[in-house]
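Heads up, data.cif below (mmCIF, C-alpha atoms):
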data_structure
loop_
_atom_site.group_PDB
_atom_site.id
_atom_site.type_symbol
_atom_site.label_atom_id
_atom_site.label_comp_id
_atom_site.auth_asym_id
_atom_site.auth_seq_id
_atom_site.Cartn_x
_atom_site.Cartn_y
_atom_site.Cartn_z
ATOM 1 C CA MET A 1312 10.267 -23.959 11.926
ATOM 2 C CA PHE A 1313 7.091 -23.384 13.936
ATOM 3 C CA LYS A 1314 9.085 -22.281 16.957
ATOM 4 C CA TRP A 1315 11.038 -19.878 14.801
ATOM 5 C CA PHE A 1316 7.783 -18.476 13.479
ATOM 6 C CA VAL A 1317 6.389 -17.996 16.990
ATOM 7 C CA THR A 1318 9.486 -16.115 18.153
ATOM 8 C CA TRP A 1319 9.377 -13.989 15.019
ATOM 9 C CA PHE A 1320 5.677 -13.286 15.544
ATOM 10 C CA HIS A 1321 6.259 -12.215 19.134
ATOM 11 C CA ARG A 1322 9.167 -9.988 18.228
ATOM 12 C CA PHE A 1323 7.161 -8.305 15.511
ATOM 13 C CA GLY A 1324 4.277 -8.018 17.910
ATOM 14 C CA SER A 1325 6.270 -5.801 20.230
ATOM 15 C CA PRO A 1326 6.189 -2.132 19.134
ATOM 16 C CA PRO A 1327 9.797 -1.232 20.108
ATOM 17 C CA HIS A 1328 11.122 -4.265 18.219
ATOM 18 C CA PHE A 1329 8.994 -3.509 15.206
ATOM 19 C CA TYR A 1330 10.114 0.110 15.302
ATOM 20 C CA ARG A 1331 13.791 -0.831 15.325
ATOM 21 C CA LEU A 1332 13.564 -3.678 12.803
ATOM 22 C CA ALA A 1333 11.528 -1.539 10.404
ATOM 23 C CA GLY A 1334 14.086 1.247 10.682
ATOM 24 C CA ARG A 1335 16.890 -1.163 9.901
ATOM 25 C CA TRP A 1336 15.106 -2.816 6.967
ATOM 26 C CA LEU A 1337 13.854 0.343 5.259
ATOM 27 C CA PRO A 1338 17.071 1.265 3.372
ATOM 28 C CA TRP A 1339 17.416 -2.321 2.049
ATOM 29 C CA LEU A 1340 13.783 -2.518 1.022
ATOM 30 C CA THR A 1341 14.007 0.852 -0.716
ATOM 31 C CA THR A 1342 17.049 -0.285 -2.709
ATOM 32 C CA LEU A 1343 15.306 -3.517 -3.669
ATOM 33 C CA PHE A 1344 12.217 -1.559 -4.699
ATOM 34 C CA VAL A 1345 14.166 0.834 -6.933
ATOM 35 C CA VAL A 1346 15.956 -2.030 -8.697
ATOM 36 C CA THR A 1347 12.737 -4.013 -9.238
ATOM 37 C CA VAL A 1348 10.712 -1.042 -10.435
ATOM 38 C CA ILE A 1349 13.390 0.057 -12.919
ATOM 39 C CA ALA A 1350 13.657 -3.479 -14.300
ATOM 40 C CA GLY A 1351 9.864 -3.742 -14.492
ATOM 41 C CA LEU A 1352 9.421 -0.383 -16.195
ATOM 42 C CA TYR A 1353 12.196 -1.053 -18.689
ATOM 43 C CA GLY A 1354 10.767 -4.455 -19.511
ATOM 44 C CA GLY A 1355 7.224 -3.169 -19.706
ATOM 45 C CA LEU A 1356 7.719 0.091 -21.561
ATOM 46 C CA VAL A 1357 10.654 -0.769 -23.816
ATOM 47 C CA LEU A 1358 11.248 -4.519 -24.218
ATOM 48 C CA ALA A 1359 7.688 -5.880 -24.281
ATOM 49 C CA PRO A 1360 6.147 -5.926 -27.782
ATOM 50 C CA ALA A 1361 2.954 -3.977 -28.494
ATOM 51 C CA ASP A 1362 -0.299 -5.890 -28.140
ATOM 52 C CA TYR A 1363 -1.703 -7.196 -31.446
ATOM 53 C CA GLN A 1364 -5.136 -5.736 -30.725
ATOM 54 C CA GLN A 1365 -4.542 -2.884 -28.307
ATOM 55 C CA GLY A 1366 -1.229 -1.570 -29.620
ATOM 56 C CA GLU A 1367 0.801 0.462 -27.161
ATOM 57 C CA SER A 1368 -2.158 1.281 -24.926
ATOM 58 C CA PHE A 1369 -1.900 -2.147 -23.298
ATOM 59 C CA ARG A 1370 1.167 -0.894 -21.395
ATOM 60 C CA ILE A 1371 -1.200 0.622 -18.838
ATOM 61 C CA ILE A 1372 -1.405 -2.982 -17.627
ATOM 62 C CA TYR A 1373 1.930 -2.484 -15.831
ATOM 63 C CA VAL A 1374 0.403 -0.088 -13.325
ATOM 64 C CA HIS A 1375 -3.259 -1.075 -13.514
ATOM 65 C CA VAL A 1376 -3.009 -4.774 -12.736
ATOM 66 C CA PRO A 1377 -0.432 -4.597 -9.916
ATOM 67 C CA ALA A 1378 -2.433 -1.764 -8.318
ATOM 68 C CA ALA A 1379 -5.626 -3.818 -8.546
ATOM 69 C CA TRP A 1380 -3.901 -6.890 -7.077
ATOM 70 C CA MET A 1381 -2.518 -4.810 -4.209
ATOM 71 C CA SER A 1382 -5.918 -3.231 -3.550
ATOM 72 C CA MET A 1383 -7.294 -6.710 -2.856
ATOM 73 C CA PHE A 1384 -4.213 -8.105 -1.124
ATOM 74 C CA ILE A 1385 -4.052 -5.233 1.386
ATOM 75 C CA TYR A 1386 -7.708 -5.640 2.262
ATOM 76 C CA VAL A 1387 -7.113 -9.327 3.014
ATOM 77 C CA VAL A 1388 -4.139 -8.352 5.210
ATOM 78 C CA MET A 1389 -6.443 -5.930 7.054
ATOM 79 C CA ALA A 1390 -9.099 -8.610 7.575
ATOM 80 C CA PHE A 1391 -6.413 -10.959 8.922
ATOM 81 C CA CYS A 1392 -5.251 -8.208 11.305
ATOM 82 C CA GLY A 1393 -8.899 -7.747 12.271
ATOM 83 C CA ILE A 1394 -9.089 -11.359 13.431
ATOM 84 C CA VAL A 1395 -5.814 -10.989 15.379
ATOM 85 C CA ILE A 1396 -7.167 -7.819 17.013
ATOM 86 C CA LEU A 1397 -10.449 -9.413 18.075
ATOM 87 C CA VAL A 1398 -8.850 -12.644 19.329
ATOM 88 C CA TRP A 1399 -5.520 -11.542 20.844
ATOM 89 C CA ARG A 1400 -5.892 -7.756 21.130
ATOM 90 C CA MET A 1401 -2.434 -7.380 19.665
ATOM 91 C CA LYS A 1402 -1.285 -3.769 19.468
ATOM 92 C CA MET A 1403 0.879 -4.220 16.374
ATOM 93 C CA ALA A 1404 -2.056 -5.697 14.459
ATOM 94 C CA GLU A 1405 -4.018 -2.538 15.259
ATOM 95 C CA ILE A 1406 -1.207 -0.404 13.909
ATOM 96 C CA VAL A 1407 -0.753 -2.519 10.768
ATOM 97 C CA LEU A 1408 -4.491 -2.414 10.070
ATOM 98 C CA SER A 1409 -4.867 1.326 10.527
ATOM 99 C CA CYS A 1410 -1.687 2.133 8.582
ATOM 100 C CA SER A 1411 -2.607 -0.200 5.703
ATOM 101 C CA ALA A 1412 -5.959 1.433 5.011
ATOM 102 C CA PRO A 1413 -4.663 4.632 3.320
ATOM 103 C CA ILE A 1414 -2.193 2.605 1.229
ATOM 104 C CA GLY A 1415 -4.932 0.208 0.164
ATOM 105 C CA ALA A 1416 -7.228 3.114 -0.646
ATOM 106 C CA SER A 1417 -4.499 4.643 -2.827
ATOM 107 C CA PHE A 1418 -4.027 1.419 -4.772
ATOM 108 C CA THR A 1419 -7.787 1.059 -5.239
ATOM 109 C CA PHE A 1420 -8.004 4.636 -6.465
ATOM 110 C CA LEU A 1421 -5.121 3.979 -8.879
ATOM 111 C CA ALA A 1422 -6.706 0.757 -10.154
ATOM 112 C CA LEU A 1423 -9.957 2.620 -10.844
ATOM 113 C CA VAL A 1424 -8.389 5.673 -12.501
ATOM 114 C CA THR A 1425 -5.804 3.817 -14.611
ATOM 115 C CA GLY A 1426 -8.599 1.403 -15.530
ATOM 116 C CA SER A 1427 -10.755 4.192 -16.845
ATOM 117 C CA LEU A 1428 -7.773 5.727 -18.664
ATOM 118 C CA TRP A 1429 -7.405 2.346 -20.330
ATOM 119 C CA GLY A 1430 -11.128 1.976 -20.877
ATOM 120 C CA LYS A 1431 -11.516 5.219 -22.770
ATOM 121 C CA PRO A 1432 -9.361 4.293 -25.787
ATOM 122 C CA MET A 1433 -10.249 0.571 -25.725
ATOM 123 C CA TRP A 1434 -13.928 0.411 -24.726
ATOM 124 C CA GLY A 1435 -14.822 3.948 -25.757
ATOM 125 C CA THR A 1436 -15.895 4.958 -22.264
ATOM 126 C CA TYR A 1437 -14.248 5.975 -18.999
ATOM 127 C CA TRP A 1438 -16.792 4.166 -16.866
ATOM 128 C CA VAL A 1439 -19.523 1.536 -17.010
ATOM 129 C CA TRP A 1440 -21.593 0.278 -14.091
ATOM 130 C CA ASP A 1441 -20.638 -3.345 -14.497
ATOM 131 C CA ALA A 1442 -19.772 -5.888 -11.833
ATOM 132 C CA ARG A 1443 -15.974 -5.604 -11.844
ATOM 133 C CA LEU A 1444 -15.860 -1.828 -11.791
ATOM 134 C CA THR A 1445 -18.685 -1.440 -9.291
ATOM 135 C CA SER A 1446 -17.258 -3.992 -6.836
ATOM 136 C CA GLU A 1447 -13.859 -2.291 -7.041
ATOM 137 C CA LEU A 1448 -15.565 1.048 -6.318
ATOM 138 C CA ILE A 1449 -17.237 -0.553 -3.295
ATOM 139 C CA LEU A 1450 -13.763 -1.624 -2.164
ATOM 140 C CA LEU A 1451 -12.686 2.022 -2.274
ATOM 141 C CA PHE A 1452 -15.676 2.958 -0.106
ATOM 142 C CA LEU A 1453 -14.790 0.166 2.341
ATOM 143 C CA TYR A 1454 -11.266 1.561 2.657
ATOM 144 C CA LEU A 1455 -12.614 5.080 3.152
ATOM 145 C CA GLY A 1456 -15.041 3.689 5.731
ATOM 146 C CA VAL A 1457 -12.174 2.092 7.675
ATOM 147 C CA ILE A 1458 -10.142 5.326 7.552
ATOM 148 C CA GLY A 1459 -13.131 7.446 8.617
ATOM 149 C CA LEU A 1460 -14.257 5.118 11.396
ATOM 150 C CA TYR A 1461 -10.745 4.832 12.821
ATOM 151 C CA GLY A 1462 -10.358 8.598 12.785
ATOM 152 C CA ALA A 1463 -13.767 9.238 14.353
ATOM 153 C CA ILE A 1464 -13.167 7.289 17.579
ATOM 154 C CA ASP A 1465 -10.718 8.940 19.963
ATOM 155 C CA ASP A 1466 -9.826 5.876 22.019
ATOM 156 C CA LYS A 1467 -7.576 4.054 19.529
ATOM 157 C CA ARG A 1468 -8.026 0.662 21.202
ATOM 158 C CA VAL A 1469 -11.809 0.950 20.754
ATOM 159 C CA ALA A 1470 -11.353 2.362 17.245
ATOM 160 C CA ALA A 1471 -9.184 -0.624 16.295
ATOM 161 C CA ARG A 1472 -11.865 -3.101 17.377
ATOM 162 C CA ALA A 1473 -14.475 -1.240 15.365
ATOM 163 C CA VAL A 1474 -12.402 -1.222 12.178
ATOM 164 C CA ALA A 1475 -11.448 -4.864 12.791
ATOM 165 C CA ILE A 1476 -15.119 -5.816 12.492
ATOM 166 C CA LEU A 1477 -15.598 -3.631 9.405
ATOM 167 C CA SER A 1478 -12.515 -5.177 7.753
ATOM 168 C CA ILE A 1479 -13.652 -8.733 8.439
ATOM 169 C CA VAL A 1480 -17.201 -8.115 7.195
ATOM 170 C CA GLY A 1481 -15.965 -6.247 4.108
ATOM 171 C CA VAL A 1482 -13.676 -9.066 3.004
ATOM 172 C CA VAL A 1483 -16.652 -10.831 1.331
ATOM 173 C CA ASN A 1484 -16.223 -8.219 -1.399
ATOM 174 C CA ILE A 1485 -12.801 -9.620 -2.376
ATOM 175 C CA PRO A 1486 -13.970 -12.899 -3.992
ATOM 176 C CA ILE A 1487 -16.818 -10.917 -5.564
ATOM 177 C CA ILE A 1488 -14.256 -8.636 -7.271
ATOM 178 C CA HIS A 1489 -12.142 -11.576 -8.376
ATOM 179 C CA PHE A 1490 -14.952 -13.695 -9.822
ATOM 180 C CA SER A 1491 -17.118 -10.790 -11.030
ATOM 181 C CA VAL A 1492 -15.832 -11.185 -14.597
ATOM 182 C CA GLU A 1493 -16.896 -14.828 -14.606
ATOM 183 C CA TRP A 1494 -20.209 -14.532 -12.750
ATOM 184 C CA TRP A 1495 -21.598 -11.589 -14.690
ATOM 185 C CA ASN A 1496 -21.334 -10.301 -18.222
ATOM 186 C CA SER A 1497 -18.657 -7.658 -18.184
ATOM 187 C CA LEU A 1498 -16.789 -5.345 -20.508
ATOM 188 C CA HIS A 1499 -13.747 -6.143 -18.395
ATOM 189 C CA GLN A 1500 -11.627 -8.986 -19.714
ATOM 190 C CA GLY A 1501 -11.279 -12.231 -17.825
ATOM 191 C CA PRO A 1502 -8.174 -13.265 -15.895
ATOM 192 C CA THR A 1503 -5.116 -13.938 -18.054
ATOM 193 C CA VAL A 1504 -2.456 -14.563 -15.432
ATOM 194 C CA THR A 1505 -4.203 -16.199 -12.458
ATOM 195 C CA LYS A 1506 -5.802 -18.964 -14.467
ATOM 196 C CA PHE A 1507 -5.252 -22.564 -13.554
ATOM 197 C CA ASP A 1508 -3.990 -23.524 -16.982
ATOM 198 C CA LYS A 1509 -1.142 -21.705 -18.695
ATOM 199 C CA PRO A 1510 -1.338 -17.887 -18.567
ATOM 200 C CA SER A 1511 -2.492 -16.614 -21.975
ATOM 201 C CA ILE A 1512 0.068 -13.836 -22.216
ATOM 202 C CA ASP A 1513 3.398 -13.554 -24.010
ATOM 203 C CA ILE A 1514 6.351 -14.250 -21.720
ATOM 204 C CA ARG A 1515 7.970 -10.903 -22.653
ATOM 205 C CA MET A 1516 4.828 -9.179 -21.438
ATOM 206 C CA LEU A 1517 4.390 -11.406 -18.411
ATOM 207 C CA ILE A 1518 7.838 -11.020 -16.817
ATOM 208 C CA PRO A 1519 7.667 -7.199 -16.508
ATOM 209 C CA LEU A 1520 4.152 -7.557 -15.119
ATOM 210 C CA LEU A 1521 5.366 -9.912 -12.409
ATOM 211 C CA LEU A 1522 8.312 -7.586 -11.686
ATOM 212 C CA MET A 1523 5.954 -4.641 -11.301
ATOM 213 C CA ALA A 1524 3.702 -6.719 -9.052
ATOM 214 C CA LEU A 1525 6.732 -7.575 -6.910
ATOM 215 C CA ALA A 1526 7.801 -3.923 -6.841
ATOM 216 C CA PHE A 1527 4.335 -2.837 -5.678
ATOM 217 C CA GLN A 1528 4.419 -5.533 -3.008
ATOM 218 C CA ILE A 1529 7.772 -4.219 -1.727
ATOM 219 C CA TYR A 1530 6.414 -0.691 -1.922
ATOM 220 C CA TYR A 1531 3.522 -1.684 0.333
ATOM 221 C CA VAL A 1532 5.951 -2.983 2.955
ATOM 222 C CA ILE A 1533 8.002 0.227 2.727
ATOM 223 C CA ALA A 1534 4.988 2.534 3.009
ATOM 224 C CA LEU A 1535 3.555 0.400 5.810
ATOM 225 C CA PHE A 1536 6.814 0.417 7.791
ATOM 226 C CA GLN A 1537 7.119 4.161 7.352
ATOM 227 C CA ALA A 1538 3.572 4.827 8.543
ATOM 228 C CA ALA A 1539 3.815 2.255 11.333
ATOM 229 C CA ARG A 1540 6.961 3.886 12.726
ATOM 230 C CA ALA A 1541 5.156 7.223 12.960
ATOM 231 C CA ALA A 1542 2.096 5.594 14.534
ATOM 232 C CA ILE A 1543 4.162 3.601 17.056
ATOM 233 C CA LEU A 1544 6.015 6.695 18.169
ATOM 234 C CA GLN A 1545 2.767 8.576 18.651
ATOM 235 C CA ARG A 1546 1.108 5.806 20.618
ATOM 236 C CA GLU A 1547 4.075 4.916 22.799
ATOM 237 C CA ARG A 1548 5.242 8.476 23.475
ATOM 238 C CA ASN A 1549 4.909 8.008 27.239
ATOM 239 C CA SER A 1550 6.724 4.690 27.425
ATOM 240 C CA ARG A 1551 10.255 4.186 28.705
ATOM 241 C CA TRP A 1552 11.796 3.041 25.430
ATOM 242 C CA VAL A 1553 10.646 6.144 23.562
ATOM 243 C CA GLU A 1554 12.051 8.289 26.361
ATOM 244 C CA GLU A 1555 15.370 6.464 25.993
ATOM 245 C CA LEU A 1556 15.210 6.930 22.229
ATOM 246 C CA VAL A 1557 14.766 10.697 22.332
ATOM 247 C CA LYS A 1558 17.196 11.314 25.187
ATOM 248 C CA PRO A 1559 19.695 14.005 24.127
ATOM 249 C CA MET B 993 12.304 2.710 -32.053
ATOM 250 C CA SER B 994 13.112 6.407 -31.769
ATOM 251 C CA VAL B 995 12.678 8.491 -28.629
ATOM 252 C CA SER B 996 9.745 10.467 -30.027
ATOM 253 C CA GLU B 997 8.062 7.219 -31.080
ATOM 254 C CA PHE B 998 8.536 5.932 -27.556
ATOM 255 C CA PHE B 999 6.919 8.998 -26.013
ATOM 256 C CA ASN B 1000 4.117 8.955 -28.566
ATOM 257 C CA MET B 1001 3.075 5.429 -27.456
ATOM 258 C CA GLY B 1002 1.382 4.694 -30.771
ATOM 259 C CA GLY B 1003 -0.969 7.648 -30.311
ATOM 260 C CA TYR B 1004 -2.030 6.601 -26.802
ATOM 261 C CA ALA B 1005 0.483 8.894 -25.081
ATOM 262 C CA VAL B 1006 -2.143 10.808 -23.069
ATOM 263 C CA PHE B 1007 -3.625 7.655 -21.562
ATOM 264 C CA VAL B 1008 -0.410 5.744 -20.985
ATOM 265 C CA TRP B 1009 1.652 8.581 -19.527
ATOM 266 C CA SER B 1010 -1.104 9.990 -17.346
ATOM 267 C CA SER B 1011 -1.585 6.490 -15.881
ATOM 268 C CA PHE B 1012 2.102 6.120 -15.091
ATOM 269 C CA GLY B 1013 2.439 9.726 -13.909
ATOM 270 C CA LEU B 1014 -0.529 9.545 -11.581
ATOM 271 C CA THR B 1015 0.685 6.249 -10.125
ATOM 272 C CA PHE B 1016 4.093 7.797 -9.522
ATOM 273 C CA VAL B 1017 2.611 10.842 -7.745
ATOM 274 C CA VAL B 1018 0.246 8.832 -5.539
ATOM 275 C CA LEU B 1019 2.933 6.338 -4.512
ATOM 276 C CA LEU B 1020 5.420 9.119 -3.824
ATOM 277 C CA LEU B 1021 2.940 10.939 -1.578
ATOM 278 C CA ASN B 1022 2.093 7.749 0.291
ATOM 279 C CA TRP B 1023 5.758 7.232 0.980
ATOM 280 C CA TRP B 1024 6.723 10.807 1.732
ATOM 281 C CA LEU B 1025 3.861 11.914 4.019
ATOM 282 C CA PRO B 1026 4.432 9.264 6.731
ATOM 283 C CA PHE B 1027 8.200 9.748 6.347
ATOM 284 C CA ARG B 1028 7.826 13.464 7.101
ATOM 285 C CA GLN B 1029 5.303 12.823 9.867
ATOM 286 C CA HIS B 1030 7.696 10.438 11.606
ATOM 287 C CA LYS B 1031 10.628 12.833 11.282
ATOM 288 C CA GLN B 1032 8.662 15.793 12.625
ATOM 289 C CA TYR B 1033 7.233 13.807 15.513
ATOM 290 C CA LEU B 1034 10.637 12.470 16.505
ATOM 291 C CA ALA B 1035 12.054 16.009 16.447
ATOM 292 C CA LYS B 1036 9.168 17.264 18.576
ATOM 293 C CA LEU B 1037 9.684 14.538 21.187
ATOM 294 C CA LYS B 1038 13.414 15.303 21.284
ATOM 295 C CA ARG B 1039 12.691 19.001 21.819
ATOM 296 C CA GLN B 1040 10.276 18.254 24.657
ATOM 297 C CA GLU B 1041 12.792 15.932 26.259
ATOM 298 C CA MET B 1042 15.499 18.596 26.028
ATOM 299 C CA ILE B 1043 13.283 21.217 27.702
ATOM 300 C CA LYS B 1044 12.306 18.750 30.392
ATOM 301 C CA SER B 1045 15.876 17.808 31.234
ATOM 302 C CA ARG B 1046 16.904 21.463 31.255
ATOM 303 C CA GLU B 1047 14.116 22.342 33.702
ATOM 304 C CA GLU B 1048 15.058 19.426 35.920
ATOM 305 C CA LYS B 1049 18.637 20.624 35.987
ATOM 306 C CA GLN B 1050 17.588 24.167 36.859
ATOM 307 C CA SER B 1051 15.335 23.113 39.725
ATOM 308 C CA HIS B 1052 18.152 20.855 40.958
ATOM 309 C CA ASP B 1053 20.619 23.800 40.875
ATOM 310 C CA ALA B 1054 18.147 26.078 42.674
ATOM 311 C CA SER B 1055 17.528 23.624 45.495
ATOM 312 C CA SER B 1056 21.216 22.973 46.162
#

Translate the structure described by the file into structure tokens.
Amino acid sequence: MFKWFVTWFHRFGSPPHFYRLAGRWLPWLTTLFVVTVIAGLYGGLVLAPADYQQGESFRIIYVHVPAAWMSMFIYVVMAFCGIVILVWRMKMAEIVLSCSAPIGASFTFLALVTGSLWGKPMWGTYWVWDARLTSELILLFLYLGVIGLYGAIDDKRVAARAVAILSIVGVVNIPIIHFSVEWWNSLHQGPTVTKFDKPSIDIRMLIPLLLMALAFQIYYVIALFQAARAAILQRERNSRWVEELVKP
Amino acid sequence: MSVSEFFNMGGYAVFVWSSFGLTFVVLLLNWWLPFRQHKQYLAKLKRQEMIKSREEKQSHDASS
């Protein structure tokens, strides 16, 4: 098992292998994504009953919560890549980190905007400066910081080390976001799914939510592979394998 | 549940559908922009390679 993992890790660590594997997996992943997202949307918008307090407005949950989960998950992936960059100087980790940042920023933006579109009818306001919302906004700034810093340094190897440090330092914000609703008084509701005891949500509401979360997870892989392929090609344009690839 | 009831979302249509619509647009852009970038870059490299091989052939013909 461990040996298999090491071989897999090395293969994925090599840009030409990653490029080819990603190209081969993309059609399958896209199909899987479409199936999951249709099932999730149908379950969430049609089958799930309306909430007893929030009525139909609760259906925003099916984009808001998965987007918020992804915004945190992707940042953790970036911090992990940051460690790999600093310790092993692995090129693929640099590419994964830099390509993940715009996707993570998009999910953070979506979590914030869909959250305020949910907040307006339910709380009576688009925005409050409370712990959950503010820490999520800080996450958006961290993503924008990573994107800006990476773009500002011309030598991409140096740029990757700089954003690796920023990603690792910024990861302290992730537990703050998660526990903010417990540590501080907040308008935002507490966790309903990721509690240690039974989730306090109807199963017909929960299943579509998990499907949407899975769909967003697959989407991240698709978007990452797509961006990574472009980045690999750009970085390796002078190498032999790219020359072979573009040979007429 | 009728179709118009579905789209009305119990009076929350503006909030629900703008959330879903915006998510759709942002995710589509995030997928499409790198897709296009990769395609264009690959085409550019292929063009360069074609020009290069043509020039090499010409200089080879001239020298022989």

- Could you work out how far CA of Ile1449 (chain A) lies from CA of Met1383 (chain A), giving the answer in Å with one decimal?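 Interatomic distance here is 11.7 Å.
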
- Task: Tell me which residues the PyMOL selection byres ((chain A) within 10 of (chain B)) grabs here, as a VMD selection string.
- Result: chain A and resid 1352 1356 to 1357 1361 1365 to 1375 1378 1410 1413 to 1414 1417 to 1418 1420 to 1422 1424 to 1432 1527 1530 to 1531 1533 to 1545 1548 1553 to 1559

Write to file, as an mmCIF file, in the coordinates of the input, the residues of the selection just made, with C-alpha atoms.
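Output file again-v9.cif is given in full below:
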data_model
loop_
_atom_site.group_PDB
_atom_site.id
_atom_site.type_symbol
_atom_site.label_atom_id
_atom_site.label_comp_id
_atom_site.auth_asym_id
_atom_site.auth_seq_id
_atom_site.Cartn_x
_atom_site.Cartn_y
_atom_site.Cartn_z
ATOM 1 C CA LEU A 1352 9.421 -0.383 -16.195
ATOM 2 C CA LEU A 1356 7.719 0.091 -21.561
ATOM 3 C CA VAL A 1357 10.654 -0.769 -23.816
ATOM 4 C CA ALA A 1361 2.954 -3.977 -28.494
ATOM 5 C CA GLN A 1365 -4.542 -2.884 -28.307
ATOM 6 C CA GLY A 1366 -1.229 -1.570 -29.620
ATOM 7 C CA GLU A 1367 0.801 0.462 -27.161
ATOM 8 C CA SER A 1368 -2.158 1.281 -24.926
ATOM 9 C CA PHE A 1369 -1.900 -2.147 -23.298
ATOM 10 C CA ARG A 1370 1.167 -0.894 -21.395
ATOM 11 C CA ILE A 1371 -1.200 0.622 -18.838
ATOM 12 C CA ILE A 1372 -1.405 -2.982 -17.627
ATOM 13 C CA TYR A 1373 1.930 -2.484 -15.831
ATOM 14 C CA VAL A 1374 0.403 -0.088 -13.325
ATOM 15 C CA HIS A 1375 -3.259 -1.075 -13.514
ATOM 16 C CA ALA A 1378 -2.433 -1.764 -8.318
ATOM 17 C CA CYS A 1410 -1.687 2.133 8.582
ATOM 18 C CA PRO A 1413 -4.663 4.632 3.320
ATOM 19 C CA ILE A 1414 -2.193 2.605 1.229
ATOM 20 C CA SER A 1417 -4.499 4.643 -2.827
ATOM 21 C CA PHE A 1418 -4.027 1.419 -4.772
ATOM 22 C CA PHE A 1420 -8.004 4.636 -6.465
ATOM 23 C CA LEU A 1421 -5.121 3.979 -8.879
ATOM 24 C CA ALA A 1422 -6.706 0.757 -10.154
ATOM 25 C CA VAL A 1424 -8.389 5.673 -12.501
ATOM 26 C CA THR A 1425 -5.804 3.817 -14.611
ATOM 27 C CA GLY A 1426 -8.599 1.403 -15.530
ATOM 28 C CA SER A 1427 -10.755 4.192 -16.845
ATOM 29 C CA LEU A 1428 -7.773 5.727 -18.664
ATOM 30 C CA TRP A 1429 -7.405 2.346 -20.330
ATOM 31 C CA GLY A 1430 -11.128 1.976 -20.877
ATOM 32 C CA LYS A 1431 -11.516 5.219 -22.770
ATOM 33 C CA PRO A 1432 -9.361 4.293 -25.787
ATOM 34 C CA PHE A 1527 4.335 -2.837 -5.678
ATOM 35 C CA TYR A 1530 6.414 -0.691 -1.922
ATOM 36 C CA TYR A 1531 3.522 -1.684 0.333
ATOM 37 C CA ILE A 1533 8.002 0.227 2.727
ATOM 38 C CA ALA A 1534 4.988 2.534 3.009
ATOM 39 C CA LEU A 1535 3.555 0.400 5.810
ATOM 40 C CA PHE A 1536 6.814 0.417 7.791
ATOM 41 C CA GLN A 1537 7.119 4.161 7.352
ATOM 42 C CA ALA A 1538 3.572 4.827 8.543
ATOM 43 C CA ALA A 1539 3.815 2.255 11.333
ATOM 44 C CA ARG A 1540 6.961 3.886 12.726
ATOM 45 C CA ALA A 1541 5.156 7.223 12.960
ATOM 46 C CA ALA A 1542 2.096 5.594 14.534
ATOM 47 C CA ILE A 1543 4.162 3.601 17.056
ATOM 48 C CA LEU A 1544 6.015 6.695 18.169
ATOM 49 C CA GLN A 1545 2.767 8.576 18.651
ATOM 50 C CA ARG A 1548 5.242 8.476 23.475
ATOM 51 C CA VAL A 1553 10.646 6.144 23.562
ATOM 52 C CA GLU A 1554 12.051 8.289 26.361
ATOM 53 C CA GLU A 1555 15.370 6.464 25.993
ATOM 54 C CA LEU A 1556 15.210 6.930 22.229
ATOM 55 C CA VAL A 1557 14.766 10.697 22.332
ATOM 56 C CA LYS A 1558 17.196 11.314 25.187
ATOM 57 C CA PRO A 1559 19.695 14.005 24.127
#

- Task: Report as an MDAnalysis selection string the residues that result from applying the PyMOL selection byres ((chain A and resi 1397) around 12) to the structure here.
- Result: chainID A and resid 1390:1396 1398:1402 1404:1405 1468:1479

- Message: Report, in Å with one decimal, the straight-line distance from CA of Pro1486 (chain A) to CA of Ile1529 (chain A).
- Response: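 Separation between CA of Pro1486 (chain A) and CA of Ile1529 (chain A): 23.5 Å.
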
What are the centre and the three edge lengths of an axis-aligned box that wraps all atoms of region 1319-1334 of chain A in the file, given that 8 Å is added to every side, written as AutoDock Vina command-line options and rounded to one decimal in Å?
--center_x 9.2 --center_y -6.4 --center_z 15.3 --size_x 25.8 --size_y 31.2 --size_z 25.8

Hey, what comes out of the PyMOL selection byres ((chain A and resi 1492) around 12) on this file? Could you write it as a JSON list (two decimals) with C-alpha atoms, in the coordinates of the input?
[["chain", "number", "residue", "atom", "x", "y", "z"],
["A", 1441, "ASP", "CA", -20.64, -3.34, -14.50],
["A", 1442, "ALA", "CA", -19.77, -5.89, -11.83],
["A", 1443, "ARG", "CA", -15.97, -5.60, -11.84],
["A", 1444, "LEU", "CA", -15.86, -1.83, -11.79],
["A", 1445, "THR", "CA", -18.68, -1.44, -9.29],
["A", 1446, "SER", "CA", -17.26, -3.99, -6.84],
["A", 1447, "GLU", "CA", -13.86, -2.29, -7.04],
["A", 1486, "PRO", "CA", -13.97, -12.90, -3.99],
["A", 1487, "ILE", "CA", -16.82, -10.92, -5.56],
["A", 1488, "ILE", "CA", -14.26, -8.64, -7.27],
["A", 1489, "HIS", "CA", -12.14, -11.58, -8.38],
["A", 1490, "PHE", "CA", -14.95, -13.70, -9.82],
["A", 1491, "SER", "CA", -17.12, -10.79, -11.03],
["A", 1493, "GLU", "CA", -16.90, -14.83, -14.61],
["A", 1494, "TRP", "CA", -20.21, -14.53, -12.75],
["A", 1495, "TRP", "CA", -21.60, -11.59, -14.69],
["A", 1496, "ASN", "CA", -21.33, -10.30, -18.22],
["A", 1497, "SER", "CA", -18.66, -7.66, -18.18],
["A", 1498, "LEU", "CA", -16.79, -5.34, -20.51],
["A", 1499, "HIS", "CA", -13.75, -6.14, -18.40],
["A", 1500, "GLN", "CA", -11.63, -8.99, -19.71],
["A", 1501, "GLY", "CA", -11.28, -12.23, -17.82],
["A", 1502, "PRO", "CA", -8.17, -13.26, -15.90],
["A", 1503, "THR", "CA", -5.12, -13.94, -18.05]]

- Work out how far apart CA of Thr1347 (chain A) and CA of Met1516 (chain A) are and give it in Å to one decimal.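 Spanning CA of Thr1347 (chain A) to CA of Met1516 (chain A) is a straight-line distance of 15.4 Å.
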